[in-house]
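Novice: Contents are mmCIF, C-alpha atoms; file name final.cif:
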data_input
loop_
_atom_site.label_atom_id
_atom_site.label_comp_id
_atom_site.auth_asym_id
_atom_site.auth_seq_id
_atom_site.Cartn_x
_atom_site.Cartn_y
_atom_site.Cartn_z
CA MET A 148 105.58 90.76 108.74
CA ALA A 149 108.04 89.57 106.17
CA VAL A 150 106.84 89.15 102.63
CA GLU A 151 108.18 86.11 100.79
CA THR A 152 109.55 86.86 97.38
CA PRO A 153 108.52 84.43 94.62
CA VAL A 154 111.26 82.13 93.40
CA ARG A 155 111.78 82.29 89.66
CA LEU A 156 113.03 79.19 87.95
CA GLY A 157 115.97 79.55 85.69
CA VAL A 158 116.32 78.08 82.25
CA THR A 159 118.21 75.10 83.59
CA ASP A 160 115.58 74.38 86.27
CA ALA A 161 112.74 74.62 83.70
CA ARG A 162 114.50 72.14 81.45
CA GLN A 163 114.88 69.76 84.36
CA LEU A 164 111.09 69.77 84.88
CA ARG A 165 110.50 68.49 81.35
CA ALA A 166 110.20 64.75 80.82
CA LYS A 167 112.96 63.15 78.83
CA SER A 168 111.98 61.67 75.48
CA LEU A 169 113.69 59.76 72.72
CA PRO A 170 114.98 61.72 69.72
CA PRO A 171 112.77 61.62 66.59
CA TRP A 172 115.36 59.55 64.72
CA THR A 173 115.31 56.71 67.27
CA PRO A 174 112.62 54.55 65.53
CA TRP A 175 114.47 54.78 62.22
CA ALA A 176 117.79 53.86 63.81
CA ALA A 177 116.16 50.96 65.65
CA ALA A 178 114.54 49.74 62.42
CA VAL A 179 117.84 49.83 60.52
CA ALA A 180 119.65 48.04 63.32
CA ALA A 181 116.90 45.41 63.62
CA VAL A 182 116.93 44.71 59.88
CA ALA A 183 120.72 44.48 59.78
CA VAL A 184 120.94 42.16 62.77
CA SER A 185 118.13 39.89 61.56
CA PHE A 186 119.58 39.75 58.03
CA VAL A 187 123.02 38.75 59.30
CA LEU A 188 121.53 36.26 61.77
CA ILE A 189 119.32 34.54 59.18
CA LYS A 190 122.09 34.48 56.57
CA LEU A 191 124.64 33.00 58.95
CA THR A 192 122.30 30.27 60.19
CA ASP A 193 120.61 29.76 56.80
CA ALA A 194 117.32 29.38 58.69
CA GLY A 195 114.95 30.92 56.16
CA GLY A 196 114.21 33.60 53.61
CA TRP A 197 112.82 37.12 53.53
CA VAL A 198 109.65 36.29 55.46
CA LEU A 199 111.53 34.97 58.47
CA THR A 200 113.96 37.89 58.21
CA GLY A 201 111.05 40.32 58.42
CA VAL A 202 109.55 38.53 61.42
CA VAL A 203 112.86 38.49 63.30
CA ALA A 204 113.49 42.15 62.40
CA ALA A 205 110.07 43.10 63.80
CA ILE A 206 110.84 41.29 67.07
CA PHE A 207 114.24 42.99 67.36
CA PHE A 208 112.69 46.38 66.58
CA VAL A 209 110.10 46.05 69.37
CA ALA A 210 112.79 44.92 71.80
CA LEU A 211 115.17 47.76 70.88
CA MET A 212 112.45 50.38 71.19
CA GLY A 213 111.41 49.00 74.57
CA ILE A 214 114.96 48.99 75.91
CA ALA A 215 115.68 52.52 74.62
CA ALA A 216 112.44 53.90 76.02
CA SER A 217 113.05 52.26 79.41
CA ILE A 218 116.51 53.77 79.70
CA VAL A 219 115.63 57.29 78.55
CA GLU A 220 111.94 57.82 79.30
CA GLY A 221 111.21 55.41 82.12
CA THR A 222 109.12 52.27 82.52
CA ARG A 223 105.69 53.89 82.17
CA SER A 224 106.56 55.69 78.93
CA ALA A 225 108.24 52.55 77.64
CA ARG A 226 105.04 50.54 78.07
CA ASN A 227 103.11 53.24 76.22
CA ARG A 228 105.63 53.29 73.39
CA MET A 229 105.62 49.47 73.17
CA ALA A 230 101.83 49.45 72.90
CA SER A 231 102.00 52.04 70.11
CA VAL A 232 104.58 49.99 68.24
CA LEU A 233 102.46 46.86 68.53
CA ILE A 234 99.37 48.70 67.27
CA TYR A 235 101.21 50.08 64.25
CA GLY A 236 102.71 46.65 63.64
CA ALA A 237 99.29 45.01 63.69
CA PHE A 238 98.07 47.59 61.17
CA ILE A 239 101.00 46.85 58.86
CA LEU A 240 100.43 43.08 59.16
CA ALA A 241 96.78 43.56 58.27
CA LEU A 242 97.73 45.77 55.32
CA LEU A 243 100.34 43.43 53.85
CA PRO A 244 97.89 40.77 52.55
CA LEU A 245 95.80 43.48 50.88
CA LEU A 246 98.84 44.98 49.21
CA SER A 247 99.94 41.50 48.15
CA VAL A 248 96.55 40.80 46.56
CA VAL A 249 96.53 44.15 44.77
CA TRP A 250 100.07 43.64 43.46
CA THR A 251 99.30 40.10 42.31
CA LEU A 252 96.15 41.21 40.49
CA LEU A 253 97.89 44.14 38.80
CA SER A 254 100.94 42.11 37.76
CA LYS A 255 99.10 39.01 36.53
CA GLY A 256 95.84 40.63 35.47
CA SER A 257 97.51 43.02 33.05
CA GLU A 258 98.50 40.11 30.78
CA ARG A 259 95.18 40.12 28.87
CA LEU A 260 94.16 43.71 29.52
CA ASP A 261 93.30 44.48 25.89
CA LEU A 262 90.28 45.28 23.74
CA ASN A 263 89.91 41.68 22.59
CA PHE A 264 89.28 40.59 26.16
CA PHE A 265 86.45 43.09 26.61
CA GLN A 266 84.92 42.76 23.14
CA THR A 267 84.81 38.98 22.58
CA SER A 268 83.46 35.91 24.35
CA MET A 269 84.70 32.34 24.68
CA ASN A 270 82.42 31.05 21.93
CA ASN A 271 84.34 28.73 19.56
CA ILE A 272 87.52 29.35 21.55
CA GLY A 273 89.48 26.22 22.33
CA ALA A 274 91.59 25.54 25.37
CA PHE A 275 94.81 26.29 23.47
CA ASP A 276 93.59 29.42 21.67
CA GLU A 277 95.30 32.61 22.75
CA LYS A 278 92.34 34.91 22.13
CA GLY A 279 88.93 34.94 23.78
CA GLY A 280 87.53 37.29 26.36
CA ALA A 281 84.97 37.88 29.09
CA TYR A 282 82.46 40.12 27.30
CA HIS A 283 79.67 37.59 27.89
CA ALA A 284 80.60 37.32 31.57
CA ILE A 285 80.63 41.09 32.05
CA ILE A 286 77.18 41.36 30.47
CA GLY A 287 75.90 38.57 32.71
CA THR A 288 77.29 40.17 35.87
CA LEU A 289 75.78 43.57 35.08
CA GLU A 290 72.36 42.15 34.18
CA GLN A 291 72.15 39.76 37.13
CA ALA A 292 73.33 42.32 39.67
CA GLY A 293 71.05 44.97 38.18
CA ILE A 294 67.91 42.81 38.32
CA ALA A 295 68.80 41.63 41.82
CA THR A 296 69.06 45.28 42.88
CA LEU A 297 65.68 46.11 41.37
CA ILE A 298 64.13 43.22 43.29
CA THR A 299 65.93 43.72 46.59
CA VAL A 300 65.87 47.48 47.12
CA PRO A 301 62.05 47.94 47.29
CA LEU A 302 61.62 44.84 49.48
CA GLY A 303 64.49 45.74 51.77
CA VAL A 304 63.56 49.40 52.19
CA LEU A 305 59.87 48.63 52.79
CA GLY A 306 60.80 45.92 55.29
CA ALA A 307 63.07 48.30 57.18
CA ILE A 308 60.38 50.99 57.17
CA TYR A 309 57.92 48.53 58.68
CA ILE A 310 60.37 47.48 61.40
CA VAL A 311 61.29 51.03 62.39
CA GLU A 312 58.10 53.03 61.81
CA TYR A 313 55.18 50.60 62.10
CA GLY A 314 56.29 47.24 63.48
CA ARG A 315 55.71 46.48 67.13
CA GLY A 316 55.73 43.29 69.16
CA PHE A 317 56.27 39.73 68.00
CA LEU A 318 56.07 40.23 64.21
CA ALA A 319 58.70 42.98 64.07
CA ASN A 320 61.04 41.00 66.35
CA ALA A 321 60.52 37.87 64.22
CA ILE A 322 61.35 39.75 61.01
CA ARG A 323 64.46 41.24 62.59
CA PHE A 324 65.54 37.81 63.84
CA PHE A 325 65.15 36.12 60.46
CA VAL A 326 66.98 38.97 58.74
CA ASP A 327 69.90 38.45 61.13
CA VAL A 328 69.83 34.72 60.38
CA MET A 329 69.81 35.36 56.62
CA THR A 330 72.87 37.56 56.96
CA GLY A 331 75.03 34.55 57.76
CA ILE A 332 73.69 31.96 55.32
CA PRO A 333 76.19 30.60 52.74
CA SER A 334 75.68 31.61 49.14
CA ILE A 335 75.29 27.98 48.11
CA VAL A 336 72.15 27.76 50.26
CA SER A 337 70.47 30.61 48.40
CA GLY A 338 71.40 28.95 45.12
CA LEU A 339 69.89 25.63 46.23
CA PHE A 340 66.72 27.40 47.37
CA VAL A 341 66.19 29.11 44.01
CA LEU A 342 67.15 25.91 42.19
CA SER A 343 64.52 23.83 43.99
CA PHE A 344 61.79 26.49 44.03
CA TRP A 345 62.16 28.48 40.82
CA VAL A 346 64.09 26.26 38.39
CA PHE A 347 62.59 22.85 39.27
CA THR A 348 59.10 23.93 40.42
CA VAL A 349 58.03 27.18 38.74
CA THR A 350 59.71 27.22 35.33
CA PRO A 351 58.38 23.78 34.24
CA LEU A 352 54.86 25.25 34.37
CA TRP A 353 55.46 27.19 31.11
CA ASN A 354 58.40 25.26 29.66
CA ASP A 355 56.67 21.97 28.75
CA GLY A 356 57.58 20.42 32.06
CA LYS A 357 61.32 21.08 31.69
CA ALA A 358 63.45 23.02 34.11
CA ALA A 359 64.84 26.25 32.64
CA TYR A 360 68.12 27.78 33.76
CA SER A 361 68.49 31.52 33.27
CA GLY A 362 70.24 34.63 34.43
CA PHE A 363 67.02 35.74 36.09
CA ALA A 364 67.22 32.72 38.39
CA ALA A 365 70.75 33.81 39.30
CA ALA A 366 69.43 37.31 40.02
CA LEU A 367 66.83 35.78 42.36
CA SER A 368 69.49 33.89 44.30
CA LEU A 369 71.65 37.02 44.50
CA SER A 370 68.68 39.01 45.80
CA VAL A 371 68.35 36.51 48.65
CA LEU A 372 71.94 37.34 49.63
CA MET A 373 71.47 41.08 49.22
CA LEU A 374 68.20 41.38 51.12
CA PRO A 375 69.50 41.15 54.72
CA THR A 376 72.26 43.68 54.03
CA VAL A 377 69.79 46.18 52.58
CA VAL A 378 67.29 45.66 55.40
CA ARG A 379 69.84 46.04 58.20
CA SER A 380 71.60 49.05 56.72
CA THR A 381 68.31 50.80 55.96
CA GLU A 382 66.99 50.04 59.43
CA GLU A 383 70.05 51.53 61.09
CA MET A 384 69.91 54.66 58.95
CA LEU A 385 66.21 55.17 59.66
CA ARG A 386 66.90 54.91 63.38
CA LEU A 387 69.52 57.66 63.06
CA VAL A 388 66.93 60.14 61.81
CA PRO A 389 66.18 62.48 64.75
CA GLY A 390 62.78 61.98 66.32
CA THR A 391 62.25 65.74 66.43
CA LEU A 392 61.85 65.75 62.64
CA ARG A 393 58.99 63.28 62.90
CA GLU A 394 57.41 65.14 65.82
CA GLY A 395 57.60 68.46 63.98
CA SER A 396 55.92 66.93 60.95
CA TYR A 397 53.17 65.38 63.07
CA ALA A 398 52.64 68.70 64.84
CA LEU A 399 51.96 70.34 61.48
CA GLY A 400 49.27 67.77 60.72
CA VAL A 401 51.25 65.77 58.15
CA PRO A 402 50.11 62.11 57.93
CA LYS A 403 52.56 59.42 58.98
CA TRP A 404 52.97 57.92 55.50
CA LYS A 405 53.82 61.31 54.06
CA THR A 406 56.23 62.00 56.92
CA VAL A 407 58.05 58.80 56.14
CA THR A 408 58.21 59.39 52.38
CA ARG A 409 58.90 63.14 52.41
CA ILE A 410 61.04 63.62 55.52
CA VAL A 411 62.46 60.38 56.96
CA LEU A 412 63.51 58.68 53.72
CA PRO A 413 65.15 61.74 52.11
CA THR A 414 67.09 62.37 55.31
CA ALA A 415 68.39 58.80 55.46
CA LEU A 416 68.81 58.39 51.69
CA PRO A 417 72.64 58.71 51.51
CA GLY A 418 73.10 55.97 54.08
CA ILE A 419 70.52 53.76 52.39
CA VAL A 420 72.28 54.12 49.05
CA THR A 421 75.57 53.20 50.72
CA GLY A 422 74.11 49.97 52.10
CA VAL A 423 72.57 49.10 48.74
CA MET A 424 75.86 49.57 46.90
CA LEU A 425 77.72 47.42 49.41
CA ALA A 426 75.14 44.68 48.91
CA VAL A 427 75.56 44.93 45.14
CA ALA A 428 79.33 44.66 45.54
CA ARG A 429 78.91 41.44 47.50
CA ALA A 430 76.44 39.94 45.02
CA ALA A 431 78.70 40.69 42.04
CA GLY A 432 81.39 38.38 43.39
CA GLU A 433 79.26 35.32 44.12
CA THR A 434 79.96 32.16 42.11
CA ALA A 435 77.96 29.26 43.56
CA PRO A 436 74.44 30.64 42.92
CA VAL A 437 75.25 31.48 39.31
CA LEU A 438 76.76 28.06 38.74
CA LEU A 439 73.70 26.28 40.16
CA VAL A 440 70.84 28.19 38.53
CA ALA A 441 72.37 29.89 35.47
CA GLY A 442 74.62 27.04 34.39
CA GLY A 443 77.22 29.19 32.66
CA LEU A 444 77.66 29.85 28.95
CA SER A 445 80.63 30.52 26.68
CA SER A 446 78.71 32.74 24.24
CA ILE A 447 76.91 36.06 24.64
CA ASN A 448 73.32 35.94 25.89
CA PHE A 449 71.60 39.27 26.40
CA ASN A 450 68.26 37.62 27.29
CA VAL A 451 68.43 37.27 31.04
CA PHE A 452 65.06 35.44 31.15
CA SER A 453 65.92 32.60 28.77
CA GLY A 454 68.93 30.34 28.41
CA ASN A 455 72.10 29.87 30.37
CA GLN A 456 74.24 32.84 31.28
CA SER A 457 77.68 33.38 32.74
CA SER A 458 79.21 35.93 35.12
CA LEU A 459 82.69 37.21 35.92
CA SER A 460 83.03 35.11 39.06
CA LEU A 461 81.91 31.97 37.20
CA PHE A 462 84.24 32.82 34.30
CA ILE A 463 87.16 33.01 36.74
CA PHE A 464 86.19 29.64 38.24
CA GLU A 465 85.99 28.00 34.83
CA GLN A 466 89.24 29.42 33.46
CA ALA A 467 91.13 28.54 36.62
CA GLY A 468 90.31 24.88 36.01
CA VAL A 469 91.30 24.76 32.32
CA ALA A 470 94.60 23.01 31.55
CA SER A 471 95.96 25.64 29.18
CA GLN A 472 98.77 28.16 29.27
CA PHE A 473 96.39 30.95 28.18
CA ALA A 474 93.57 30.24 30.66
CA PRO A 475 95.34 31.65 33.77
CA GLY A 476 95.84 35.00 32.03
CA ARG A 477 92.14 35.22 31.21
CA ALA A 478 91.24 34.25 34.78
CA TRP A 479 93.54 36.86 36.33
CA THR A 480 92.32 39.62 34.03
CA ALA A 481 88.69 38.72 34.81
CA ALA A 482 89.55 38.83 38.52
CA LEU A 483 91.10 42.26 38.09
CA THR A 484 88.00 43.43 36.21
CA LEU A 485 85.73 42.16 38.97
CA VAL A 486 87.83 43.77 41.70
CA VAL A 487 87.83 47.10 39.84
CA LEU A 488 84.06 46.88 39.50
CA VAL A 489 83.68 46.19 43.23
CA LEU A 490 86.22 48.91 44.01
CA VAL A 491 84.25 51.47 42.01
CA LEU A 492 81.09 50.55 43.91
CA THR A 493 82.89 50.71 47.25
CA VAL A 494 84.48 54.08 46.53
CA ALA A 495 81.12 55.43 45.41
CA ALA A 496 79.60 54.12 48.65
CA LYS A 497 82.30 55.86 50.70
CA LEU A 498 81.77 59.14 48.86
CA LEU A 499 78.05 58.92 49.51
CA ALA A 500 78.69 58.10 53.15
CA ARG A 501 80.76 61.28 53.50
CA ARG A 502 77.82 63.29 52.28
CA ASN A 503 75.59 61.70 54.91
CA LYS A 504 74.97 64.45 57.48
CA LEU A 505 73.65 61.94 60.03
CA ALA A 506 77.05 60.27 60.23
CA ARG A 507 78.88 63.49 61.17
#
Could you write out this file's structure as structure tokens?

Specialist:
Amino acid sequence: MAVETPVRLGVTDARQLRAKSLPPWTPWAAAVAAVAVSFVLIKLTDAGGWVLTGVVAAIFFVALMGIAASIVEGTRSARNRMASVLIYGAFILALLPLLSVVWTLLSKGSERLDLNFFQTSMNNIGAFDEKGGAYHAIIGTLEQAGIATLITVPLGVLGAIYIVEYGRGFLANAIRFFVDVMTGIPSIVSGLFVLSFWVFTVTPLWNDGKAAYSGFAAALSLSVLMLPTVVRSTEEMLRLVPGTLREGSYALGVPKWKTVTRIVLPTALPGIVTGVMLAVARAAGETAPVLLVAGGLSSINFNVFSGNQSSLSLFIFEQAGVASQFAPGRAWTAALTLVVLVLVLTVAAKLLARRNKLAR
């Protein structure tokens, strides 16, 4: 019986089995060609500016990559490469507005980035005065957001604990439903609620029948906006805690309340803190509630429970409407300050989220 000898492929045959692919420099060459063609085409027809040139260049780039991939790699690989190009293009389009906002804030917000802006208020500052700062607005934002956090965090965490650990049936479902509804309410609605309930109904009881605006009222309206975010984020983090931890604690005879406080909450704490900081970041940028219930003030007011008070978002709104050559600079610098404050909170939230072992 004859024994067949195995056929060994040569180097040339092995290379033939490999799928053909475009060289690594192909996307760069296609991008240069697309930009050049679109630039010449737009300039010759005088149809538009740089924005239209970029749009036409993107269309040419996708077409060139599709044609090159179809010729070299085949139809199937060309469709895959076209989908990848479109995905990366969508990412760049989504990133461009963010980069534009950041560049605008840095370029225009640096105009008044000095000590006078952070150490003075707008008290006795006229519309055509060059000086004046947002010290009073920064104080108001920190106090209002801080008090709103102190009010919201215990209520939100306890509400989430009830939903996850104790709540069953109609009441738990009703609470969850209303929390979802509160997530989408406009900020002006929370301001109107606090205005009608606290400012016009409660404060006249100890203020000789007169309504009293204050930073505390603004903190109450901000807490209404923060509460659903804290409840939902805490609820989700509590649900991520493994049930085996609870069962092991119960098996050792630990009461349920102690299991929740000593095991469940510490395990979910990084995620809870992340949700709280994101809620604070949202509340710090609200304008309508502060305008309705705090009224705004051009001077410094450290007493959050008495008298009008301003905030950074309200300061930006006011300066943007002043007919003065110096007001836009103050508004842009205040916007940059507010964005940096929110950015710090967001970065801190991301760092805490990385430390969350349940999210790994």

Novice: Which is closest to Asn448 in chain A among A:Ala366, A:Ile272, A:Ile234, A:Ala284, if we use all atoms listed in the file?

Specialist: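 Selected residue with least distance to Asn448 in chain A: A:Ala284.
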
Novice: Counting only C-alpha atoms, find residues at most 12 Å from (74.5, 42.4, 35.0) (file frame) and give them as a compact mmCIF listing (two decimals) with C-alpha atoms, keeping the file's coordinate frame.

Specialist:
# COMPACT_ATOMS: atom_id res chain seq x y z
CA TYR A 282 82.46 40.12 27.30
CA HIS A 283 79.67 37.59 27.89
CA ALA A 284 80.60 37.32 31.57
CA ILE A 285 80.63 41.09 32.05
CA ILE A 286 77.18 41.36 30.47
CA GLY A 287 75.90 38.57 32.71
CA THR A 288 77.29 40.17 35.87
CA LEU A 289 75.78 43.57 35.08
CA GLU A 290 72.36 42.15 34.18
CA GLN A 291 72.15 39.76 37.13
CA ALA A 292 73.33 42.32 39.67
CA GLY A 293 71.05 44.97 38.18
CA ILE A 294 67.91 42.81 38.32
CA ALA A 295 68.80 41.63 41.82
CA THR A 296 69.06 45.28 42.88
CA LEU A 297 65.68 46.11 41.37
CA GLY A 362 70.24 34.63 34.43
CA PHE A 363 67.02 35.74 36.09
CA ALA A 365 70.75 33.81 39.30
CA ALA A 366 69.43 37.31 40.02
CA LEU A 369 71.65 37.02 44.50
CA VAL A 427 75.56 44.93 45.14
CA ALA A 428 79.33 44.66 45.54
CA ALA A 430 76.44 39.94 45.02
CA ALA A 431 78.70 40.69 42.04
CA GLY A 432 81.39 38.38 43.39
CA VAL A 437 75.25 31.48 39.31
CA ASN A 448 73.32 35.94 25.89
CA PHE A 449 71.60 39.27 26.40
CA ASN A 450 68.26 37.62 27.29
CA VAL A 451 68.43 37.27 31.04
CA GLN A 456 74.24 32.84 31.28
CA SER A 457 77.68 33.38 32.74
CA SER A 458 79.21 35.93 35.12
CA LEU A 459 82.69 37.21 35.92
CA SER A 460 83.03 35.11 39.06
CA LEU A 485 85.73 42.16 38.97
CA LEU A 488 84.06 46.88 39.50

Novice: For the interface of range 272-380 of chain A with range 255-267 of chain A (cut-off 7 Å, counting only C-alpha atoms), please tabulate each contacting residue of range 272-380 of chain A alongside its nearest pair of atoms and their separation in Å to one decimal, rows sorted by chain and increasing number, as CSV.

Specialist:
residue,atom,partner,partner_atom,distance
A:Gly279,CA,A:Thr267,CA,5.9
A:Gly280,CA,A:Phe264,CA,3.7
A:Ala281,CA,A:Phe264,CA,5.9
A:Tyr282,CA,A:Phe265,CA,5.0

Novice: May I have the selected residues written with C-alpha atoms, as an mmCIF file, in the frame of the given file?

Specialist:
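Printed below is result26.cif as written:
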data_model
loop_
_atom_site.group_PDB
_atom_site.id
_atom_site.type_symbol
_atom_site.label_atom_id
_atom_site.label_comp_id
_atom_site.auth_asym_id
_atom_site.auth_seq_id
_atom_site.Cartn_x
_atom_site.Cartn_y
_atom_site.Cartn_z
ATOM 1 C CA GLY A 279 88.930 34.940 23.780
ATOM 2 C CA GLY A 280 87.530 37.290 26.360
ATOM 3 C CA ALA A 281 84.970 37.880 29.090
ATOM 4 C CA TYR A 282 82.460 40.120 27.300
#

Novice: Skip range 354-357 of chain A itself and residues of its chain fewer than 6 positions away, then list as JSON, numbers by chain all residues within 12 Å of it, counting all atoms listed in the file.

Specialist: {"A": [345, 346, 347, 348, 453, 454]}

Novice: CA of Tyr313 in chain A and CA of Ala426 in chain A are how many Å apart?

Specialist: 24.6 Å

Novice: Just so the selection is clear, what residues does the PyMOL selection byres ((chain A and resi 204) around 9) cover here, as a PyMOL selection string?

Specialist: chain A and resi 178+180-186+199-203+205-209

Novice: Can you give me, as a PyMOL selection string, the residues this file yields under the PyMOL selection byres ((chain A and resi 495) around 12)?

Specialist: chain A and resi 417-418+420-425+427-428+488-494+496-502

Novice: Here is a test: counting only C-alpha atoms, which residue of A:Gly273, A:Gly390, A:Pro244, A:Pro375 is nearest to Ser445 in chain A?

Specialist: A:Gly273

Novice: Considering all atoms listed in the file, state which residue in the set A:Ala398, A:Met269, A:Met373, A:Val328 is at the smallest distance from Gly443 in chain A.

Specialist: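 Under the stated criterion, the closest residue is A:Met269.
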
Novice: Nearest to Ile419 in chain A among A:Pro170, A:Pro436, A:Gly236, A:Pro301, with distances taken over only C-alpha atoms: which residue is it?

Specialist: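 Checking each candidate against Ile419 in chain A, we get A:Pro301 as the closest.
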